[in-house]
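Contents: one structure, followed by commentary.
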Amino acid sequence: VQLVESGGGLVQAGGSLRLSCAASRRTFSYYAMAWFRQAPGKEREFVAAISWSGTSTYYAESVKGRFTISRDSAENTVYLQMTTLKPDDTADYYCAAAIVDYGSTWPGDLRFYDYWGQGTQVTVSS
């Protein structure tokens with residue numbers, strides 16, 4: 001499956017952006033999906049995830065209350081709505097898909113995922 005991210009850009013602190021990740025397969029509905037990010041010189045870190053059914057969502061503490069993950073199975077797309085952005089949110093944002101749903105597993109482990117997008121850059125100016 002191919003994942004294509006879009007929606008990144010330059011925004012001032014306090015602003016908002018919505019990232020999109022379009023999947024190439026109709027079986028998208030059966031994939032657990034997540035967003036990760038990687039800032040320059042840092043490791044890739046978990047941001048948010050959503051179960052295949054959309055009923056369960058998970059967030060890193062650093063974005064909880066500011067970011068919202070959602071999915072539209074009809075459009076084969078997962079979204080990340082980002083509000084109250086901070087300079088620390090500056091990073092390349094990556095979409096990831098897992099063929100196994102999370103169950104009781106915390107979705108923050110990169111090894112859990114089978115497919116990755118190429119990333120979209122988000123820059124938050126102070």
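In the structure tokens, each chain is lettered A, B, ... as it comes, each chain's residues begin at 1, and ligands are numbered from 1 in order of appearance.
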
message = Applying 9 Å and only C-alpha atoms, which residues near Arg71 (chain A) remain after dropping the ones on its own chain fewer than 2 positions away? List them as an MDAnalysis selection string.
response = chainID A and resid 29 33 50 52 54 69 73:80

Could you give me, as a list in words, the residues within 6 Å of Ala23 (chain A), counting only C-alpha atoms and dropping anything in the same chain fewer than 2 positions from it?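 So, after excluding close chain neighbours, the residues are Gln2, Leu3, Arg25 and Asn76 of chain A.
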
Original post:
Using only C-alpha atoms, which residues sit within 12 Å of region 6-13 of chain A once same-chain residues fewer than 2 positions away are excluded, as a VMD selection string?
Top reply: chain A and resid 3 to 4 15 to 23 37 77 to 95 117 to 126

I'd like to know which residues of chain A are strand (DSSP E or B) (by DSSP, run on the backbone); could you write them as number ranges by chain? A: 3-6, 9-12, 17-23, 32-38, 45-50, 57-59, 67-72, 77-82, 91-98, 115-116, 120-125

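From CA of Thr27 (chain A) back to CA of Ala97 (chain A), the distance works out to 11.2 Å.
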
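Taking CA of Gly14 (chain A) as the reference point, CA of Thr68 (chain A) is found at 15.5 Å.
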
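Distances here use only C-alpha atoms; by that measure, the residue among A:Trp106, A:Ile99, A:Gly41, A:Arg26 closest to Ser56 (chain A) is A:Trp106.
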
Which of these residues is nearest to Pro107 (chain A), using only C-alpha atoms: A:Ala48, A:Val63, A:Ala39, A:Val1?
->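 Result for the nearest residue to Pro107 (chain A): A:Ala48.
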
Legend entry - Among the residues A:Thr57, A:Gly65, A:Thr105, A:Ala96, the one that comes closest to Trp35 (chain A) [using only C-alpha atoms]: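 Checking each candidate against Trp35 (chain A), we get A:Ala96 as the closest.
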
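The two atoms in question, CA of Gly103 (chain A) and CA of Tyr59 (chain A), are spaced 15.3 Å apart.
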